Structures are given as structure tokens and as C-alpha cells.
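Asker: Dumping the structure here so I can ask a few things about it.
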Amino acid sequence: MEAVERNLDRLKWFFIIALGFISIAYEIVEEIVFGKRFGIHTVSELLFYGTITFLLLQWTFSRIKSQRAALLELKRLSEDIVNNMDMAIHVVDRRMRIIGWNRAMVKYSGGLKSEATLGENLYAVFPYLREIGLDKAYEKVFATGEPFSSVYRTVPMGERRDTDTALASALVVPSIRAAVKTRYVDTRLAPVVGTDGRVEKIITVLYDITKEREMELEIGATKEYLESLINSMNEGLAVINRDYVVTDVNPVICRMLGLPREEIIGRRCHEIFHASPEICRWPEVPCSVKGVFEDGRPATALHIHAGKDGKSAYIEVNASPLRDKEGRIVQAIQIYRDVTERVELQNKVSETRDFLNNVIESSPDSIITADLEGKITSFSRGAEGILGYRAEEVIGRSVEDLYPPEVVEERRVWIAGLLEGKGIRNQRARWAGKDGRERDINLSISLLRDKEGLAIGTVGIAKDITKEVQAEERLREAYEQLKELDAMKDEFLATVSHELCTPLTAILGSIELFNDDTKNLTQEQKEFISILGTESRRLNDLIGNLLDVARSEDKMSKLKEQTFLDFSLNDLIEEVLLEVRPLAERQRVVVERALEPLPRVLGEREELKRVLTNLLGNAIKFNNPGGKIFLEGMCRNGSIEVSVRDTGIGIGKEDLKRIFTKFYRVDTGTTRRHGGTGLGLAISKKIIQAHGGDIWVESEPGKGSKFTFVLPVTREGGKRVHG
């Protein structure tokens, strides 16, 4: 710039000197040609005109210099503006040489400064421009003079470029290709036309529009999300303008009304939803849309809408205002929720509540509710009938006033347990009536809870059982009398049996003497003596059984686990089998056994031997000739299980119910032939139960019977273990 100023100064003095020479030459020519003399006046004129010319030239060059300075300042200002812009700008000439490069291009180019790029070929600096076809765009702009613009997507290294949509890799690859996220660059090519009408230069402007594009994408995604949300929501949605015209609906509205969308949009809401030509009158008629437009606040209403099929539905409508930028309400958004099931449920709940109230009022039982402080909040007619109070006399009083003083503390313990989660069911208690008499009640108390599950009070249901308690007392007295009579019966049986045993022993002894000396007896006498012996022995067995019953009743009541001894059940079974073998052989019955090694048991050995003898004896007696008996013993579920199964006559279903009852005998020819007292199974059951076990029978007539009993095993240390 200083060199230019020096050249201008030289030019100025050149013009002044040249003008002086021209003036002198003119005077010389004028003197030679016209004969004028070169004198003082001529020099004065020359100086005058020279001075004037110098001043004019000085002023002209000063103007040029000031305008040039203004232009330079404007250029500097323009360069500062361009360099301080966020947009990256570079300029190329027709030979694609870079002749302009602002500071933002340094960032976009990965640090390349103007000193390294000015004069360089654009494609040499950025060979990637040809990959995305931008060289064709430059050629077209130079050829047609039409501007070019496009948006390019820059991607991280390794990602595939989307060349089909012109959103390819970066224009300025070195920096942006290493970017960690996708960015969007708005690229514009602006032609600069010369005086000859040709495009001399192209200004390239690069602008990062990532934020704008991300915002657009976010807005688009939000719009899609909202549309998806609106379309997938269970509630109906409608947008209604101030003319009450429906401008938009979601699919739920179409399903509610049974109409396609095109038959809803553009019609008035009252025509669609209420089949009415008139606008609803707010607030007389619950119209939430009108409420929004007139009051400017959200409104809720319950409507009955008529569908296309003629069916009515209860619809809860919530309307909210939709405002423009100035805050004016321009539309209303309505949410329609089909609450038909809820309303019907509420109606049913109301009906149920009325029904329950009727049941409570008509129930003879007392139903009383109280708060957590024990204040009575309701008092049913049944309570009035039991206690003699009217509801208005006790509501607000403490429920403890209904109890005798000695029961109040016990009730407090019940309520404390109730709050800890313990139930109060069928609790015997006593109430004090208005007349002062006490009533026996069967009481159940439960907590009342609110919808959050928090306890808010109690409800007590009581049944007056005064008469039942009195009846129980009478039964208890009768039971004690029966026990006394039963004891007297047992004592009588024992006494009679002993008294009968003495003469019967003498009779049996005499019969034995006759049997020892039968030489002097006739055949008929022998038969009479034989019959007398048989019947005497039967009588002796009967007396023995009666004595066994008396002894067993007494012994079972005195059996205690502390007196039990442990022993081998396998050994006991073998012993019993040996004893019944002669009877089985006489009856031609085969006994098969399947016995596992059984654990030791804890009990009275002789009593359990009686059980096994009784079961095996019955299986032999009531079997068919040539029949079989299956004796099994095993451990199952931590207990010992023993079963005796036969192939005999079996037991009918009606007889099975009473088979273990004392003195009960199945009435068949076989049982009558074998006789018996009906005491064996009853005694066996008592023995098994006294040992902590159980006994049962399975049988069908003609197919035999199976008697099974279980006993707890004995663990080390002589204690019983129950399975």
C-alpha cells in the first residue's frame, strides 16, 4: 500500500514538471511563429497557470487518496466481518484456484490457514469433493451462472455414506471425517459475474446447520411420537374450534362413534356426539367445550353419547384450551373416556350397598362399627334387638360401654392383636344389655380400611348365643352324668363277670371230669356234655371279652408315653404268626407276608400283640376255605404302616361306617357261625389311637377286606417321631 502512495506522488510531480515544459515550449513556438518575445509577463503567466494546475492536481489527488482510504477501510471492515462469521467462506477462480479463505475455513479444514491454501487448487486441498460430486456443481455454476445449494451429512469414520440422498461425507474432510457424531453442513455456491458477463469467481459458503437439523428431526420425532401416542391411547381425542367444528380426531373416537374419520371432520360436535342441531347451553347443560371457550379454564362433564348402532354410552369428557401465540383460545382439546363400565359398576356398587344395608338392617346378628378410638359409628337393628339400646343412644359412645367391666381389658388385648394382624374369629364374649342382664355372644372383629389400605376402624359381628351356652351347660351336666353311668356300667360288668367266672369255672371243671370218664355215659349224654362244654366255653369267652373291655377302657385311659417301651415290631409279628398258624391250617388259609425291616416302636407290647392277633384271627375266620391272607409292613412318610388283607367275604358299605363301634357285628351267616361279641375291632382302634396312630379298613363284599394301621417310629433315645 505504501508503494502505491509513493507512485502516486511521483506521478503528481511528473505531471507538474511536464506541464512546465509544455508551457515553455508553447511560448518558444509562439515567439518563433508569431514573433512574440519571451518576457517577464510570459514567465508570470507560466507561474500563474502552473500554480493553478498544481493546486488542481493536488486537490484531485487528495480526493483520490481519501476515497481510496475509504475503500481500503471498507475492504478491511468487510474482511473482518467475513473472518468473524460462523460461516466458512472460500473463493475460487475459473481455474479452481483458491483466492479467498476466511477464518472459519480454518476450523472447517482442520487447521489449514489462508497462507497454505491461497493460490492452491481446490481439489488438491480437498480431493474428497470429487467423491461427492461437488466438482460437477462447480462446473455447472461456472457454465450457467446459477447458484447451487445442498445439505451434506458428515459422518464419523467407518460409517457408510448415504450418497443416494446427497447427504454424504463432509466437504471439509480432514476435521469432520474424524468427528464423533453426525453433523449437517449447508453448502452454497454463489457466482461472481465479471464485466463481460462471464462467471469469474465462485464464493463457497459452508454453514453448520446441525442444531437446526437436529431440532427439525427432534420436532419430527416428537410429532411422530405424539401422533403414535394419540393414536394408541385408549381414550378418544378430538380438537374442536370456536365454531364447534371438529377439526381432528384419533381412531378411538371413530370406534366410539362407529363412523369413519371423514364423516366426523368438518361437522359440529353436538351433531356428532349428541345428534342434536343445537349447541349445548353451558352451564345448564354440561358442555365442557363451551365451558372452555367461555370460562377459559379446563372443564369436565359426563355425557351420554349415542353411537351409530343406537347404543348409548357414558363418556367422561375433559376439555382443555388450545391457545395461539398471543394467548387467545382458538381451539379446545377434548379427551373422551368411555366410563360406561365404571358408571355401571358404580350403579351396581350402589345397589350392592343398598342391598348390604338391607341385609344388615334385617340381620338378627349384631353389626357394630367403631373408629380406632373405639367410638361407635353405626349400630344395626340386630344390635338393638340383642342389647336393647336404640342406635341414637349409643352412637358416639365408647364400644367398651357394652362389655362387663371384667371383659373390657380382654377386649383391648383383642384389638391390639387385631392391629398386629391377628384375626378375631368366633371369640366367646359377654355383653351387658340395657336391662343389666349379660348376654353370651360369638364375636368376630375385623379392621375397616380405606382405599389406601390404612386402618380406619373396626367392625364387630356378634351372634347372641345365650340360649346355646345354656344348652351346652345342660349338655355338659348330662355328659358328666353319662360318664358316671358309664363308669358304673364298667364296674357292673367287671363285678358281674367276676361273679359269673366262679360258678362257670366249676361248671367247666365238672365237664372236664365227665370228659375224662365217659365209659358209663350213653351217647346222648356224651352229646349233651359236649354241647354243654361248647356253650360254657363260649360263655367264658364272652365273660373274658367283657372283662377285656372293662380292663381296656381303664388301661387305655392310663396309658402314658412315659411308660412305653421300645421293641421290635418285626419280632412281634413273627410271634403272632406262629400263634395263629394252627387256626390258619385248620381253616386251610395260606398266610403270605411281605415285611420290610421295620424300625422299633414305642408302646405297650402286649396291647399291640392283641391288635395283630385280632386282625389276623378275623382274616382267618372270615376267609373262604383255601383263601389267602397278605401281611405287609413298610415305612411310609416317616411312619410304620402294617396291613392285613384277606380274600374272604368282605364288608358292605353300610357296615364299614360302624365296624369299629363297640358290640357291632356284621349280620351274616359266617359271623353268626363264628360268633363273637363285636368288641375286638373297637378295642384295637382304642389301642392304636392310644399309641398315637390310626387304623382304617377298605373292603368290598365278596372281594375281601384290608385293615391297615400306622404307628409313629421310635428314634434314638426312645422318643416317638410322627410322620
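In the C-alpha cells, each chain is lettered A, B, ... as it comes, each chain's residues begin at 1, and ligands are numbered from 1 in order of appearance.
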What are the closest atom pairs, with distances in Å to one decimal, for each residue of range 563-650 of chain A lying within 8 Å of range 677-689 of chain A, using only C-alpha atoms, rows by chain and rising residue number, as a Markdown table?
Answerer:
```
| residue | atom | partner | partner_atom | distance |
| --- | --- | --- | --- | --- |
| A:Glu607 | CA | A:Ile687 | CA | 6.6 |
| A:Leu608 | CA | A:Ile687 | CA | 7.0 |
| A:Arg610 | CA | A:Ser684 | CA | 7.4 |
| A:Val611 | CA | A:Ser684 | CA | 5.0 |
| A:Asn614 | CA | A:Gly680 | CA | 6.3 |
| A:Leu615 | CA | A:Leu681 | CA | 7.9 |
```
Asker: Using only C-alpha atoms, please write the residues we just selected to a file, as a PDB file, in the first residue's frame.
Answerer:
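Once written, selection_0.pdb looks like this:
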```pdb
ATOM      1  CA  GLU A 607     -51.643-104.403  73.645  1.00  0.00           C
ATOM      2  CA  LEU A 608     -50.206-104.189  70.122  1.00  0.00           C
ATOM      3  CA  ARG A 610     -53.706-108.110  70.819  1.00  0.00           C
ATOM      4  CA  VAL A 611     -54.320-105.857  67.768  1.00  0.00           C
ATOM      5  CA  ASN A 614     -57.383-109.790  66.386  1.00  0.00           C
ATOM      6  CA  LEU A 615     -56.775-108.657  62.786  1.00  0.00           C
TER       7      LEU A 615
END
```
Asker: Pull the helix (DSSP H, G or I) assignments for range 527-645 of chain A out of DSSP run on the backbone, and list those residues as a ChimeraX atom specification.
Answerer: /A:527-558,561-563,569-586,605-621
Asker: Give one line per residue of range 275-370 of chain A that approaches range 219-236 of chain A to at most 7 Å, naming the two atoms of the closest pair and their distance in Å to one decimal, counting only C-alpha atoms; sort by chain then ascending residue number and deliver it as JSON lines.
Answerer:
```
{"residue": "A:Ile335", "atom": "CA", "partner": "A:Gly236", "partner_atom": "CA", "distance": 5.6}
{"residue": "A:Tyr336", "atom": "CA", "partner": "A:Gly236", "partner_atom": "CA", "distance": 4.6}
{"residue": "A:Arg337", "atom": "CA", "partner": "A:Glu235", "partner_atom": "CA", "distance": 5.0}
```
Asker: If we count only C-alpha atoms, what is near Asp243 in chain A at a cut-off of 12 Å, once residues fewer than 2 positions away on the same chain are taken out, given as a PyMOL selection string?
Answerer: chain A and resi 239-241+245-247+266-270+279+289-290+293+330-332
Asker: Which residues, written as a short mmCIF file (atom, residue, chain, number, x, y, z; two decimals) with all heavy atoms, in the first residue's frame, have at least one atom at most 7 Å from Lys463 in chain A, with only C-alpha atoms counted and residues fewer than 5 positions away on the same chain left out?
Answerer:
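Output file result12.cif is given in full below:
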```cif
data_model
loop_
_atom_site.label_atom_id
_atom_site.label_comp_id
_atom_site.auth_asym_id
_atom_site.auth_seq_id
_atom_site.Cartn_x
_atom_site.Cartn_y
_atom_site.Cartn_z
N ASP A 365 -78.28 -60.75 63.73
CA ASP A 365 -76.99 -60.60 64.39
C ASP A 365 -76.67 -59.13 64.60
O ASP A 365 -77.15 -58.25 63.87
CB ASP A 365 -75.88 -61.25 63.56
CG ASP A 365 -76.04 -62.76 63.47
OD1 ASP A 365 -76.72 -63.32 64.35
OD2 ASP A 365 -75.49 -63.36 62.53
N SER A 366 -75.83 -58.87 65.57
CA SER A 366 -75.40 -57.50 65.86
C SER A 366 -74.23 -57.14 64.96
O SER A 366 -73.26 -57.89 64.85
CB SER A 366 -74.99 -57.39 67.32
OG SER A 366 -74.27 -56.19 67.53
N ILE A 441 -72.14 -64.05 73.67
CA ILE A 441 -72.09 -63.78 72.23
C ILE A 441 -70.92 -64.53 71.61
O ILE A 441 -69.94 -64.85 72.27
CB ILE A 441 -71.95 -62.28 71.93
CG1 ILE A 441 -70.68 -61.71 72.59
CG2 ILE A 441 -73.19 -61.51 72.37
CD1 ILE A 441 -70.35 -60.30 72.16
N ASN A 442 -71.07 -64.79 70.31
CA ASN A 442 -69.98 -65.31 69.48
C ASN A 442 -69.53 -64.15 68.62
O ASN A 442 -70.26 -63.70 67.73
CB ASN A 442 -70.49 -66.48 68.63
CG ASN A 442 -69.35 -67.22 67.96
OD1 ASN A 442 -68.25 -66.70 67.82
ND2 ASN A 442 -69.62 -68.43 67.54
N LEU A 443 -68.33 -63.63 68.85
CA LEU A 443 -67.90 -62.35 68.29
C LEU A 443 -66.77 -62.52 67.29
O LEU A 443 -65.82 -63.25 67.53
CB LEU A 443 -67.44 -61.43 69.43
CG LEU A 443 -66.92 -60.05 69.04
CD1 LEU A 443 -68.01 -59.22 68.39
CD2 LEU A 443 -66.36 -59.34 70.27
#
```
Asker: I'd like the contact shell of Glu698 in chain A - 8 Å cut-off, only C-alpha atoms, skipping same-chain residues fewer than 6 positions apart - returned as a ChimeraX atom specification.
Answerer: /A:705-707
Asker: Write a file of the just-selected residues containing N, CA and C atoms, as a PDB file, in the first residue's frame.
Answerer:
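Result file is out-v1.pdb:
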```pdb
ATOM      1  N   SER A 705     -61.251-107.994  52.563  1.00  0.00           N
ATOM      2  CA  SER A 705     -61.062-106.754  53.316  1.00  0.00           C
ATOM      3  C   SER A 705     -59.579-106.502  53.536  1.00  0.00           C
ATOM      4  N   LYS A 706     -59.254-105.216  53.770  1.00  0.00           N
ATOM      5  CA  LYS A 706     -57.884-104.829  54.057  1.00  0.00           C
ATOM      6  C   LYS A 706     -57.898-103.868  55.240  1.00  0.00           C
ATOM      7  N   PHE A 707     -57.354-104.320  56.380  1.00  0.00           N
ATOM      8  CA  PHE A 707     -57.231-103.488  57.566  1.00  0.00           C
ATOM      9  C   PHE A 707     -55.799-102.966  57.639  1.00  0.00           C
TER      10      PHE A 707
END
```
Asker: Calculated over only C-alpha atoms, which of the candidates A:Lys703, A:Lys467, A:Arg449, A:Arg593 has the smallest distance to Glu574 in chain A?
Answerer: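 That would be A:Arg593, the residue with the smallest distance to Glu574 in chain A.
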Asker: Please provide the set of residues having any atom within 7 Å of range 97-106 of chain A, restricted to only C-alpha atoms, with same-chain residues fewer than 3 positions apart removed, written as a count of residues only.
Answerer: 23
Asker: For the strand (DSSP E or B) assignment from backbone DSSP, which residues of range 186-391 of chain A qualify? Please present them as a VMD selection string.
Answerer: chain A and resid 186 to 193 199 to 208 236 to 241 245 to 249 268 299 to 306 312 to 323 329 to 338 366 to 371 375 to 379
Asker: Ranking A:Asp295, A:Glu344, A:Glu473, A:Asp571 by minimum distance to Tyr314 in chain A and counting only C-alpha atoms, which one comes first?
Answerer: A:Glu344
Asker: Just want the 10 Å neighbourhood of range 644-654 of chain A, counted on only C-alpha atoms, with same-chain residues fewer than 4 positions away dropped. Output as a ChimeraX atom specification.
Answerer: /A:589-593,612,615-616,618-633,658-659,666,668,670,697-709
Asker: Only N, CA and C atoms, please: the residues just picked out, written as a compact mmCIF listing (two decimals), in the first residue's frame.
Answerer:
```txt
# COMPACT_ATOMS: atom_id res chain seq x y z
N VAL A 589 -56.17 -121.84 55.23
CA VAL A 589 -55.88 -120.48 54.76
C VAL A 589 -54.36 -120.28 54.75
N VAL A 590 -53.85 -119.74 53.64
CA VAL A 590 -52.42 -119.52 53.48
C VAL A 590 -52.10 -118.06 53.82
N VAL A 591 -51.11 -117.87 54.67
CA VAL A 591 -50.67 -116.51 55.05
C VAL A 591 -49.37 -116.20 54.32
N GLU A 592 -49.40 -115.13 53.50
CA GLU A 592 -48.19 -114.66 52.80
C GLU A 592 -47.80 -113.32 53.40
N ARG A 593 -46.51 -113.12 53.56
CA ARG A 593 -46.07 -111.87 54.17
C ARG A 593 -45.00 -111.20 53.31
N LEU A 612 -52.71 -107.19 66.52
CA LEU A 612 -52.30 -108.07 65.43
C LEU A 612 -53.04 -109.41 65.49
N LEU A 615 -56.66 -108.87 64.24
CA LEU A 615 -56.77 -108.66 62.79
C LEU A 615 -56.51 -109.95 62.03
N LEU A 616 -55.45 -110.71 62.41
CA LEU A 616 -55.14 -111.97 61.72
C LEU A 616 -56.21 -113.01 62.01
N ASN A 618 -59.45 -112.50 62.64
CA ASN A 618 -60.63 -112.18 61.82
C ASN A 618 -60.39 -112.55 60.37
N ALA A 619 -59.15 -112.27 59.85
CA ALA A 619 -58.85 -112.58 58.45
C ALA A 619 -58.93 -114.08 58.20
N ILE A 620 -58.59 -114.90 59.21
CA ILE A 620 -58.68 -116.36 59.05
C ILE A 620 -60.13 -116.82 59.16
N LYS A 621 -60.84 -116.32 60.20
CA LYS A 621 -62.21 -116.78 60.45
C LYS A 621 -63.16 -116.43 59.32
N PHE A 622 -63.02 -115.21 58.78
CA PHE A 622 -63.98 -114.74 57.77
C PHE A 622 -63.43 -114.88 56.36
N ASN A 623 -62.50 -115.85 56.18
CA ASN A 623 -61.96 -116.12 54.85
C ASN A 623 -62.65 -117.35 54.30
N ASN A 624 -62.46 -117.58 53.05
CA ASN A 624 -63.01 -118.77 52.40
C ASN A 624 -62.00 -119.90 52.52
N PRO A 625 -62.47 -121.15 52.60
CA PRO A 625 -61.53 -122.28 52.62
C PRO A 625 -60.60 -122.22 51.41
N GLY A 626 -59.30 -122.38 51.66
CA GLY A 626 -58.33 -122.27 50.57
C GLY A 626 -57.97 -120.83 50.23
N GLY A 627 -58.48 -119.87 51.05
CA GLY A 627 -58.19 -118.45 50.79
C GLY A 627 -56.79 -118.05 51.20
N LYS A 628 -56.49 -116.77 51.03
CA LYS A 628 -55.15 -116.26 51.32
C LYS A 628 -55.24 -115.01 52.19
N ILE A 629 -54.17 -114.81 52.93
CA ILE A 629 -54.00 -113.58 53.71
C ILE A 629 -52.64 -112.99 53.36
N PHE A 630 -52.65 -111.67 53.11
CA PHE A 630 -51.41 -110.97 52.75
C PHE A 630 -51.08 -109.99 53.88
N LEU A 631 -49.95 -110.24 54.53
CA LEU A 631 -49.50 -109.38 55.62
C LEU A 631 -48.31 -108.55 55.11
N GLU A 632 -48.46 -107.22 55.17
CA GLU A 632 -47.42 -106.32 54.65
C GLU A 632 -47.02 -105.33 55.73
N GLY A 633 -45.74 -104.99 55.74
CA GLY A 633 -45.23 -103.98 56.67
C GLY A 633 -44.16 -103.15 55.99
N ARG A 658 -69.63 -98.51 60.76
CA ARG A 658 -69.76 -98.83 62.20
C ARG A 658 -68.88 -99.99 62.62
N ILE A 659 -67.95 -100.37 61.76
CA ILE A 659 -67.19 -101.59 62.01
C ILE A 659 -66.34 -101.49 63.27
N VAL A 666 -71.25 -107.59 62.05
CA VAL A 666 -71.88 -107.69 60.74
C VAL A 666 -72.80 -108.90 60.74
N THR A 668 -74.14 -111.66 59.12
CA THR A 668 -74.07 -112.62 58.01
C THR A 668 -74.05 -114.02 58.59
N THR A 670 -71.83 -116.24 58.15
CA THR A 670 -70.48 -116.57 58.61
C THR A 670 -70.23 -116.02 59.99
N VAL A 697 -60.17 -99.32 57.37
CA VAL A 697 -60.48 -100.54 56.62
C VAL A 697 -60.95 -100.17 55.23
N GLU A 698 -60.58 -101.02 54.27
CA GLU A 698 -61.07 -100.92 52.89
C GLU A 698 -61.64 -102.29 52.53
N SER A 699 -62.86 -102.30 51.97
CA SER A 699 -63.47 -103.61 51.72
C SER A 699 -64.60 -103.50 50.71
N GLU A 700 -64.84 -104.60 50.00
CA GLU A 700 -65.99 -104.76 49.12
C GLU A 700 -66.55 -106.15 49.35
N PRO A 701 -67.87 -106.27 49.40
CA PRO A 701 -68.46 -107.60 49.60
C PRO A 701 -68.01 -108.58 48.53
N GLY A 702 -67.58 -109.77 48.97
CA GLY A 702 -67.15 -110.81 48.04
C GLY A 702 -65.73 -110.69 47.56
N LYS A 703 -65.03 -109.58 47.89
CA LYS A 703 -63.66 -109.38 47.41
C LYS A 703 -62.64 -109.30 48.54
N GLY A 704 -63.11 -109.45 49.77
CA GLY A 704 -62.19 -109.44 50.89
C GLY A 704 -62.07 -108.06 51.52
N SER A 705 -61.25 -107.99 52.56
CA SER A 705 -61.06 -106.75 53.32
C SER A 705 -59.58 -106.50 53.54
N LYS A 706 -59.25 -105.22 53.77
CA LYS A 706 -57.88 -104.83 54.06
C LYS A 706 -57.90 -103.87 55.24
N PHE A 707 -57.35 -104.32 56.38
CA PHE A 707 -57.23 -103.49 57.57
C PHE A 707 -55.80 -102.97 57.64
N THR A 708 -55.66 -101.65 57.86
CA THR A 708 -54.34 -101.00 57.90
C THR A 708 -54.24 -100.14 59.14
N PHE A 709 -53.08 -100.22 59.81
CA PHE A 709 -52.83 -99.28 60.90
C PHE A 709 -51.43 -98.71 60.75
```
Asker: What does the distance between CA of Lys662 in chain A and CA of Leu542 in chain A come to in Å, to one decimal place?
Answerer: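 Atom-to-atom, CA of Lys662 in chain A to CA of Leu542 in chain A, that is 13.6 Å.
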